[in-house]
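*Asks:* This is the content of run16.pdb (PDB, C-alpha atoms):
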ATOM      1  CA  MET U   1      39.680   1.320  -9.729
ATOM      2  CA  ALA U   2      38.369   4.854  -9.510
ATOM      3  CA  ALA U   3      36.159   5.800 -12.418
ATOM      4  CA  ARG U   4      36.000   9.224 -13.941
ATOM      5  CA  THR U   5      32.676  10.993 -13.813
ATOM      6  CA  LEU U   6      31.189  13.886 -15.672
ATOM      7  CA  ILE U   7      28.255  15.679 -14.052
ATOM      8  CA  ASN U   8      26.194  18.429 -15.620
ATOM      9  CA  VAL U   9      23.948  20.323 -13.212
ATOM     10  CA  PRO U  10      22.925  23.966 -13.769
ATOM     11  CA  ALA U  11      24.868  26.137 -11.344
ATOM     12  CA  LYS U  12      21.845  28.378 -10.746
ATOM     13  CA  ALA U  13      18.114  27.775 -10.950
ATOM     14  CA  LYS U  14      14.904  29.533  -9.951
ATOM     15  CA  ARG U  15      12.966  28.036  -7.053
ATOM     16  CA  GLY U  16      10.502  25.511  -8.433
ATOM     17  CA  GLU U  17      12.213  25.234 -11.792
ATOM     18  CA  VAL U  18      12.573  21.771 -13.332
ATOM     19  CA  ILE U  19      16.249  21.188 -14.001
ATOM     20  CA  GLN U  20      17.903  18.512 -16.073
ATOM     21  CA  ILE U  21      20.823  16.605 -14.596
ATOM     22  CA  LYS U  22      23.199  14.742 -16.870
ATOM     23  CA  THR U  23      25.662  12.203 -15.542
ATOM     24  CA  LEU U  24      28.269  10.051 -17.157
ATOM     25  CA  ILE U  25      30.721   7.599 -15.627
ATOM     26  CA  SER U  26      33.609   5.799 -17.248
ATOM     27  CA  HIS U  27      32.904   2.089 -16.982
ATOM     28  CA  ILE U  28      33.340  -0.751 -19.439
ATOM     29  CA  MET U  29      29.867  -2.259 -18.748
ATOM     30  CA  GLU U  30      31.197  -5.713 -19.643
ATOM     31  CA  THR U  31      28.092  -7.834 -20.289
ATOM     32  CA  GLY U  32      29.447 -11.236 -19.231
ATOM     33  CA  PHE U  33      28.130 -12.619 -22.508
ATOM     34  CA  ARG U  34      31.327 -12.117 -24.462
ATOM     35  CA  HIS U  35      34.414 -14.277 -24.810
ATOM     36  CA  ASP U  36      38.022 -13.286 -25.143
ATOM     37  CA  ASN U  37      40.254 -14.193 -28.039
ATOM     38  CA  VAL U  38      40.929 -17.711 -26.689
ATOM     39  CA  GLY U  39      37.288 -18.502 -25.931
ATOM     40  CA  ARG U  40      37.196 -17.892 -22.172
ATOM     41  CA  PRO U  41      34.114 -16.008 -21.031
ATOM     42  CA  ILE U  42      34.836 -12.444 -19.961
ATOM     43  CA  PRO U  43      33.281 -12.026 -16.490
ATOM     44  CA  ARG U  44      30.435  -9.602 -16.033
ATOM     45  CA  ASP U  45      31.544  -6.226 -14.766
ATOM     46  CA  ILE U  46      28.762  -3.702 -14.833
ATOM     47  CA  SER U  47      27.562  -0.845 -12.744
ATOM     48  CA  THR U  48      24.270  -2.154 -11.273
ATOM     49  CA  SER U  49      22.887   0.788  -9.368
ATOM     50  CA  PHE U  50      22.817   4.571  -9.550
ATOM     51  CA  VAL U  51      21.481   6.834  -6.817
ATOM     52  CA  CYS U  52      21.219  10.620  -6.617
ATOM     53  CA  THR U  53      20.464  12.429  -3.364
ATOM     54  CA  TYR U  54      19.605  16.141  -3.057
ATOM     55  CA  ASN U  55      20.587  17.612   0.323
ATOM     56  CA  GLY U  56      20.618  14.074   1.666
ATOM     57  CA  GLU U  57      17.234  13.064   0.286
ATOM     58  CA  GLU U  58      17.114  10.457  -2.434
ATOM     59  CA  ILE U  59      15.495  11.905  -5.535
ATOM     60  CA  PHE U  60      16.487   9.430  -8.217
ATOM     61  CA  LYS U  61      17.549   5.819  -8.285
ATOM     62  CA  SER U  62      18.095   3.464 -11.135
ATOM     63  CA  ALA U  63      19.088  -0.158 -11.572
ATOM     64  CA  LEU U  64      21.344  -0.712 -14.549
ATOM     65  CA  TYR U  65      21.774  -3.828 -16.647
ATOM     66  CA  GLN U  66      24.077  -5.153 -19.315
ATOM     67  CA  ALA U  67      22.151  -3.345 -22.026
ATOM     68  CA  ILE U  68      23.361   0.018 -20.767
ATOM     69  CA  ALA U  69      26.055   1.132 -23.173
ATOM     70  CA  ALA U  70      29.628   1.592 -22.106
ATOM     71  CA  ASN U  71      30.603   5.174 -21.478
ATOM     72  CA  PRO U  72      30.501   7.152 -24.714
ATOM     73  CA  PHE U  73      32.641   9.740 -22.971
ATOM     74  CA  PHE U  74      35.867   8.900 -24.710
ATOM     75  CA  SER U  75      34.384   9.062 -28.153
ATOM     76  CA  TYR U  76      35.798  12.510 -28.554
ATOM     77  CA  ASP U  77      34.843  14.821 -31.299
ATOM     78  CA  THR U  78      37.672  16.319 -33.257
ATOM     79  CA  VAL U  79      37.275  20.038 -33.843
ATOM     80  CA  ALA U  80      39.395  22.424 -35.879
ATOM     81  CA  MET U  81      40.549  25.293 -33.717
ATOM     82  CA  ALA U  82      42.238  28.589 -34.569
ATOM     83  CA  VAL U  83      43.401  31.154 -32.042
ATOM     84  CA  SER U  84      44.575  34.585 -33.097
ATOM     85  CA  VAL U  85      45.581  37.619 -31.079
ATOM     86  CA  GLU U  86      45.621  41.128 -32.521
ATOM     87  CA  SER U  87      49.101  42.410 -31.827
ATOM     88  CA  PRO U  88      51.694  44.436 -33.740
ATOM     89  CA  MET U  89      54.237  41.693 -32.882
ATOM     90  CA  THR U  90      57.140  44.122 -32.607
ATOM     91  CA  ALA U  91      60.164  43.711 -30.335
ATOM     92  CA  LYS U  92      58.462  45.984 -27.766
ATOM     93  CA  ASP U  93      54.911  44.725 -27.991
ATOM     94  CA  TYR U  94      54.304  41.083 -28.775
ATOM     95  CA  VAL U  95      52.409  38.018 -27.627
ATOM     96  CA  LYS U  96      54.597  35.825 -25.430
ATOM     97  CA  ALA U  97      52.339  32.823 -25.093
ATOM     98  CA  ILE U  98      48.890  31.469 -25.810
ATOM     99  CA  HIS U  99      47.369  28.809 -23.555
ATOM    100  CA  VAL U 100      44.145  27.013 -24.402
ATOM    101  CA  PHE U 101      41.999  25.104 -21.903
ATOM    102  CA  THR U 102      38.821  23.041 -21.862
ATOM    103  CA  GLU U 103      36.280  22.943 -19.061
ATOM    104  CA  LYS U 104      35.084  19.363 -19.300
ATOM    105  CA  ASN U 105      37.756  17.184 -20.824
ATOM    106  CA  PRO U 106      39.344  14.862 -18.240
ATOM    107  CA  GLN U 107      42.521  16.919 -18.493
ATOM    108  CA  PRO U 108      42.132  20.704 -18.736
ATOM    109  CA  ASN U 109      45.034  21.701 -20.972
ATOM    110  CA  ILE U 110      44.725  21.682 -24.737
ATOM    111  CA  ILE U 111      47.904  23.390 -25.901
ATOM    112  CA  SER U 112      50.395  26.016 -24.743
ATOM    113  CA  VAL U 113      52.457  27.837 -27.335
ATOM    114  CA  GLN U 114      55.401  30.156 -26.876
ATOM    115  CA  LEU U 115      55.682  32.955 -29.409
ATOM    116  CA  GLY U 116      58.013  35.888 -29.849
ATOM    117  CA  PRO U 117      58.416  39.012 -31.967
ATOM    118  CA  ARG U 118      59.764  36.795 -34.733
ATOM    119  CA  ALA U 119      56.383  35.155 -35.154
ATOM    120  CA  GLY U 120      55.126  38.197 -37.110
ATOM    121  CA  LYS U 121      51.541  37.175 -36.461
ATOM    122  CA  ALA U 122      50.041  35.653 -33.315
ATOM    123  CA  GLU U 123      47.845  33.054 -34.930
ATOM    124  CA  ILE U 124      47.842  29.286 -34.529
ATOM    125  CA  GLN U 125      45.623  26.510 -35.754
ATOM    126  CA  THR U 126      45.308  22.920 -34.647
ATOM    127  CA  ARG U 127      42.725  20.182 -34.214
ATOM    128  CA  VAL U 128      41.487  19.387 -30.759
ATOM    129  CA  ARG U 129      39.490  16.692 -29.022
ATOM    130  CA  LEU U 130      36.449  17.769 -27.061
ATOM    131  CA  ALA U 131      34.573  15.317 -24.854
ATOM    132  CA  ASP U 132      31.343  17.235 -24.533
ATOM    133  CA  THR U 133      29.547  20.475 -25.296
ATOM    134  CA  GLN U 134      31.586  22.956 -23.337
ATOM    135  CA  SER U 135      33.521  26.190 -23.280
ATOM    136  CA  VAL U 136      37.041  26.487 -24.619
ATOM    137  CA  VAL U 137      39.125  29.224 -23.022
ATOM    138  CA  ALA U 138      42.167  30.873 -24.566
ATOM    139  CA  ILE U 139      44.470  32.982 -22.415
ATOM    140  CA  CYS U 140      47.253  35.008 -23.978
ATOM    141  CA  GLU U 141      50.225  36.544 -22.245
ATOM    142  CA  LEU U 142      51.596  39.777 -23.718
ATOM    143  CA  SER U 143      55.154  41.049 -23.457
ATOM    144  CA  ASP U 144      54.039  43.795 -21.027
ATOM    145  CA  GLY U 145      52.957  41.066 -18.588
ATOM    146  CA  SER U 146      49.225  41.469 -19.107
ATOM    147  CA  PHE U 147      46.915  38.539 -19.723
ATOM    148  CA  TRP U 148      43.869  38.509 -21.973
ATOM    149  CA  SER U 149      41.323  35.801 -22.410
ATOM    150  CA  ASP U 150      38.405  34.830 -24.575
ATOM    151  CA  THR U 151      35.906  32.009 -24.346
ATOM    152  CA  VAL U 152      34.056  30.139 -27.059
ATOM    153  CA  ASP U 153      31.145  27.780 -26.497
ATOM    154  CA  VAL U 154      31.371  24.630 -28.581
ATOM    155  CA  ILE U 155      28.438  22.293 -29.108
ATOM    156  CA  ILE U 156      29.410  18.647 -29.497
ATOM    157  CA  THR U 157      26.875  16.151 -30.773
ATOM    158  CA  LEU U 158      27.889  12.606 -29.933
ATOM    159  CA  GLY U 159      26.559   9.748 -32.005
ATOM    160  CA  ALA U 160      24.494   7.351 -29.884
ATOM    161  CA  CYS U 161      26.159   4.208 -31.146
ATOM    162  CA  LEU U 162      29.805   5.170 -31.036
ATOM    163  CA  GLU U 163      31.877   2.451 -29.423
ATOM    164  CA  ASP U 164      35.165   2.881 -27.655
ATOM    165  CA  LEU U 165      37.367   0.921 -30.024
ATOM    166  CA  PRO U 166      40.968   0.305 -29.030
TER     167      PRO U 166
ATOM    168  CA  MET A   1      58.982   4.322 -34.658
ATOM    169  CA  ALA A   2      59.355   6.753 -37.503
ATOM    170  CA  ALA A   3      56.354   8.961 -38.036
ATOM    171  CA  ARG A   4      55.360  10.556 -41.312
ATOM    172  CA  THR A   5      55.509  14.300 -41.395
ATOM    173  CA  LEU A   6      54.084  16.821 -43.805
ATOM    174  CA  ILE A   7      55.547  20.319 -43.791
ATOM    175  CA  ASN A   8      54.272  23.261 -45.766
ATOM    176  CA  VAL A   9      56.693  26.205 -45.964
ATOM    177  CA  PRO A  10      56.744  28.640 -48.902
ATOM    178  CA  SER A  11      59.886  27.948 -50.948
ATOM    179  CA  LYS A  12      60.401  31.681 -51.590
ATOM    180  CA  ALA A  13      59.514  34.760 -49.611
ATOM    181  CA  LYS A  14      60.345  38.457 -49.564
ATOM    182  CA  ARG A  15      62.529  39.697 -46.723
ATOM    183  CA  GLY A  16      60.367  40.759 -43.791
ATOM    184  CA  GLU A  17      57.285  38.974 -45.058
ATOM    185  CA  VAL A  18      55.116  37.111 -42.512
ATOM    186  CA  ILE A  19      54.833  33.524 -43.711
ATOM    187  CA  GLN A  20      52.549  30.762 -42.571
ATOM    188  CA  ILE A  21      54.007  27.346 -41.752
ATOM    189  CA  LYS A  22      51.777  24.279 -41.595
ATOM    190  CA  THR A  23      52.914  21.034 -40.005
ATOM    191  CA  LEU A  24      51.335  17.625 -39.646
ATOM    192  CA  ILE A  25      52.733  14.476 -38.069
ATOM    193  CA  SER A  26      51.239  11.008 -37.957
ATOM    194  CA  HIS A  27      50.805  10.016 -34.324
ATOM    195  CA  ILE A  28      48.144   8.101 -32.415
ATOM    196  CA  MET A  29      47.913  10.631 -29.509
ATOM    197  CA  GLU A  30      46.539   7.931 -27.190
ATOM    198  CA  THR A  31      45.057   9.768 -24.208
ATOM    199  CA  GLY A  32      45.654   7.159 -21.499
ATOM    200  CA  PHE A  33      42.008   7.527 -20.491
ATOM    201  CA  ARG A  34      40.701   4.673 -22.642
ATOM    202  CA  HIS A  35      40.435   0.947 -22.018
ATOM    203  CA  ASP A  36      40.842  -1.974 -24.378
ATOM    204  CA  ASN A  37      38.144  -4.573 -25.029
ATOM    205  CA  VAL A  38      38.948  -6.492 -21.837
ATOM    206  CA  GLY A  39      39.057  -3.416 -19.639
ATOM    207  CA  ARG A  40      42.799  -2.891 -19.298
ATOM    208  CA  PRO A  41      43.797   0.758 -19.472
ATOM    209  CA  ILE A  42      45.581   1.718 -22.684
ATOM    210  CA  PRO A  43      48.759   3.566 -21.643
ATOM    211  CA  ARG A  44      49.188   7.205 -22.578
ATOM    212  CA  ASP A  45      51.231   7.803 -25.718
ATOM    213  CA  ILE A  46      51.166  11.419 -26.831
ATOM    214  CA  ILE A  47      53.472  14.037 -28.297
ATOM    215  CA  THR A  48      54.220  16.532 -25.534
ATOM    216  CA  SER A  49      56.406  19.094 -27.260
ATOM    217  CA  PHE A  50      56.895  20.720 -30.650
ATOM    218  CA  VAL A  51      59.708  23.145 -31.450
ATOM    219  CA  CYS A  52      60.574  25.020 -34.643
ATOM    220  CA  THR A  53      63.972  26.613 -35.123
ATOM    221  CA  TYR A  54      64.907  28.964 -37.983
ATOM    222  CA  ASN A  55      68.628  28.821 -38.773
ATOM    223  CA  GLY A  56      69.228  27.492 -35.272
ATOM    224  CA  GLU A  57      67.131  30.073 -33.444
ATOM    225  CA  GLU A  58      63.910  28.970 -31.792
ATOM    226  CA  VAL A  59      60.924  30.787 -33.303
ATOM    227  CA  PHE A  60      57.983  28.684 -32.135
ATOM    228  CA  LYS A  61      57.385  26.201 -29.348
ATOM    229  CA  ALA A  62      54.243  24.418 -28.196
ATOM    230  CA  ALA A  63      53.348  22.049 -25.368
ATOM    231  CA  LEU A  64      50.749  19.510 -26.437
ATOM    232  CA  TYR A  65      48.280  17.605 -24.276
ATOM    233  CA  GLN A  66      45.788  14.757 -24.607
ATOM    234  CA  ALA A  67      43.212  17.169 -26.008
ATOM    235  CA  ILE A  68      45.166  17.482 -29.249
ATOM    236  CA  ALA A  69      43.637  15.211 -31.861
ATOM    237  CA  ALA A  70      45.485  12.283 -33.408
ATOM    238  CA  ASN A  71      47.946  13.260 -36.137
ATOM    239  CA  PRO A  72      48.654  16.695 -34.661
ATOM    240  CA  PHE A  73      48.235  19.545 -37.128
ATOM    241  CA  ILE A  74      49.773  22.852 -36.105
ATOM    242  CA  THR A  75      50.049  26.059 -38.076
ATOM    243  CA  PHE A  76      51.861  29.202 -37.033
ATOM    244  CA  HIS A  77      53.595  32.233 -38.513
ATOM    245  CA  THR A  78      57.072  33.674 -38.613
ATOM    246  CA  VAL A  79      58.890  36.549 -40.282
ATOM    247  CA  ALA A  80      61.090  35.526 -43.210
ATOM    248  CA  THR A  81      64.401  37.106 -42.211
ATOM    249  CA  GLU A  82      67.000  35.233 -44.260
ATOM    250  CA  SER A  83      67.454  32.233 -46.526
ATOM    251  CA  GLY A  84      68.032  29.037 -44.647
ATOM    252  CA  THR A  85      66.472  26.059 -42.972
ATOM    253  CA  PHE A  86      63.560  25.482 -40.672
ATOM    254  CA  ALA A  87      64.102  22.526 -38.348
ATOM    255  CA  PHE A  88      61.095  20.948 -36.658
ATOM    256  CA  GLN A  89      61.214  18.557 -33.742
ATOM    257  CA  TRP A  90      58.380  16.708 -32.058
ATOM    258  CA  SER A  91      58.984  14.763 -28.845
ATOM    259  CA  GLY A  92      56.753  12.783 -26.557
ATOM    260  CA  ASP A  93      56.042   9.733 -24.442
ATOM    261  CA  ASN A  94      58.179   6.588 -24.602
ATOM    262  CA  GLY A  95      61.178   8.520 -25.873
ATOM    263  CA  PHE A  96      59.429   9.545 -29.083
ATOM    264  CA  THR A  97      61.277  12.077 -31.204
ATOM    265  CA  GLN A  98      60.871  13.000 -34.840
ATOM    266  CA  ASP A  99      62.713  15.590 -36.867
ATOM    267  CA  ALA A 100      61.900  17.309 -40.114
ATOM    268  CA  SER A 101      63.247  20.303 -41.964
ATOM    269  CA  ALA A 102      62.379  22.646 -44.811
ATOM    270  CA  LYS A 103      64.369  25.186 -46.800
ATOM    271  CA  ILE A 104      63.376  28.709 -47.695
ATOM    272  CA  THR A 105      64.885  31.267 -50.067
ATOM    273  CA  VAL A 106      64.472  34.866 -48.970
ATOM    274  CA  GLU A 107      64.922  37.538 -51.599
TER     275      GLU A 107
END
Go through the file and emit its structure as structure tokens.

*Replies:*
Amino acid sequence: MAARTLINVPAKAKRGEVIQIKTLISHIMETGFRHDNVGRPIPRDISTSFVCTYNGEEIFKSALYQAIAANPFFSYDTVAMAVSVESPMTAKDYVKAIHVFTEKNPQPNIISVQLGPRAGKAEIQTRVRLADTQSVVAICELSDGSFWSDTVDVIITLGACLEDLP
Amino acid sequence: MAARTLINVPSKAKRGEVIQIKTLISHIMETGFRHDNVGRPIPRDIITSFVCTYNGEEVFKAALYQAIAANPFITFHTVATESGTFAFQWSGDNGFTQDASAKITVE
């Protein structure tokens, strides 16, 4: 089964600079110490080794054990979001659509809305799930065919002990 | 499965006024990216579409994705043109559909 990964490496750095690399992989990290609901032991299924190479040269390696927590990745944070576009919203000049995207969620789309001159005001609100600190991008399509976009950086603080409850 | 909905539409409005409509529906919005406690993937179960019609004419439409939080809350605006009914429909995975409506008096 392919696992999803999330890698955070600065895109640019100065020569000699110390950079931080963050990695996350979706994995259940089943300890092998638990039992299922009829008492059978659940077999161990953990990721045991992690290696990072830089231009082919190994620069970091780690052995992992059962005490490594399962991926906190899917403990999303819920964030209130509002998008508004300044537009007269007349029959000749209106916002046709607003599309909102995330950079780091496993699936990039958040919402796409279709508006028309009858909307009166191009403003929507909803609540979104964000997996990590990241940028949220809104792109709006106007009736004259032009596209406008804006980006907002959102900081997400994940609790260390959140578990992925079904 | 019937979902609970909560609709907030002003009961009265002046003709031509821009009114705000708030909608909420109870729904799990399961992303399909999670696993249960024995590692089996939990299948995706989300609402994918939301449409609002005003006296039969579509005035707002949205496509929803996994990034929308559980119990989707959506607000939008429309121009109060005439007295009548707003009809709301949500649809999604596993044949999910839910309807709701609200009346408005335009003076």

*Asks:* Since I can't run it myself right now, could you work out what the PyMOL selection byres ((chain A) within 6 of (chain U)) selects here and report it as an mmCIF file with C-alpha atoms, in the coordinates of the input?

*Replies:*
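The resulting file, expr.cif, is reproduced below:
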data_model
loop_
_atom_site.group_PDB
_atom_site.id
_atom_site.type_symbol
_atom_site.label_atom_id
_atom_site.label_comp_id
_atom_site.auth_asym_id
_atom_site.auth_seq_id
_atom_site.Cartn_x
_atom_site.Cartn_y
_atom_site.Cartn_z
ATOM 1 C CA VAL A 18 55.116 37.111 -42.512
ATOM 2 C CA ASP A 36 40.842 -1.974 -24.378
ATOM 3 C CA PHE A 60 57.983 28.684 -32.135
ATOM 4 C CA LYS A 61 57.385 26.201 -29.348
ATOM 5 C CA ALA A 62 54.243 24.418 -28.196
ATOM 6 C CA ALA A 63 53.348 22.049 -25.368
ATOM 7 C CA LEU A 64 50.749 19.510 -26.437
ATOM 8 C CA TYR A 65 48.280 17.605 -24.276
ATOM 9 C CA ALA A 67 43.212 17.169 -26.008
ATOM 10 C CA ILE A 68 45.166 17.482 -29.249
ATOM 11 C CA ALA A 69 43.637 15.211 -31.861
ATOM 12 C CA PHE A 73 48.235 19.545 -37.128
ATOM 13 C CA ILE A 74 49.773 22.852 -36.105
ATOM 14 C CA THR A 75 50.049 26.059 -38.076
ATOM 15 C CA PHE A 76 51.861 29.202 -37.033
ATOM 16 C CA HIS A 77 53.595 32.233 -38.513
ATOM 17 C CA THR A 78 57.072 33.674 -38.613
ATOM 18 C CA VAL A 79 58.890 36.549 -40.282
#

*Asks:* Compile the contact shell of region 43-47 of chain A as a ChimeraX atom specification: residues with an atom at most 10 Å away, counting all atoms listed in the file, same-chain residues fewer than 4 positions apart removed.

*Replies:* /A:25,27-35,63-72,90-98

*Asks:* Could you check how far CA of Lys22 (chain A) sits from CA of Val152 (chain U), in Å to one decimal?

*Replies:*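 Distance between the two atoms: 23.7 Å.
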
*Asks:* Excluding Ile139 (chain U) and any residue of its chain fewer than 2 positions from it, enumerate the residues within 7 Å of it, using only C-alpha atoms, and give them as JSON, numbers by chain.

*Replies:* {"U": [98, 99, 100, 137, 141, 147, 148, 149, 150]}

*Asks:* Could you list, as a ChimeraX atom specification, every residue within 12 Å of Ala11 (chain U), counting all atoms listed in the file and ignoring same-chain residues fewer than 4 positions away?

*Replies:* /U:7,19-21

*Asks:* To one decimal place, how far is CA of Glu103 (chain U) from CA of Val136 (chain U) in Å?

*Replies:* 6.6 Å

*Asks:* In Å, rounded to a single decimal, give me how far CA of Met89 (chain U) is from CA of Phe86 (chain A).

*Replies:*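 These atoms are spaced 20.3 Å apart.
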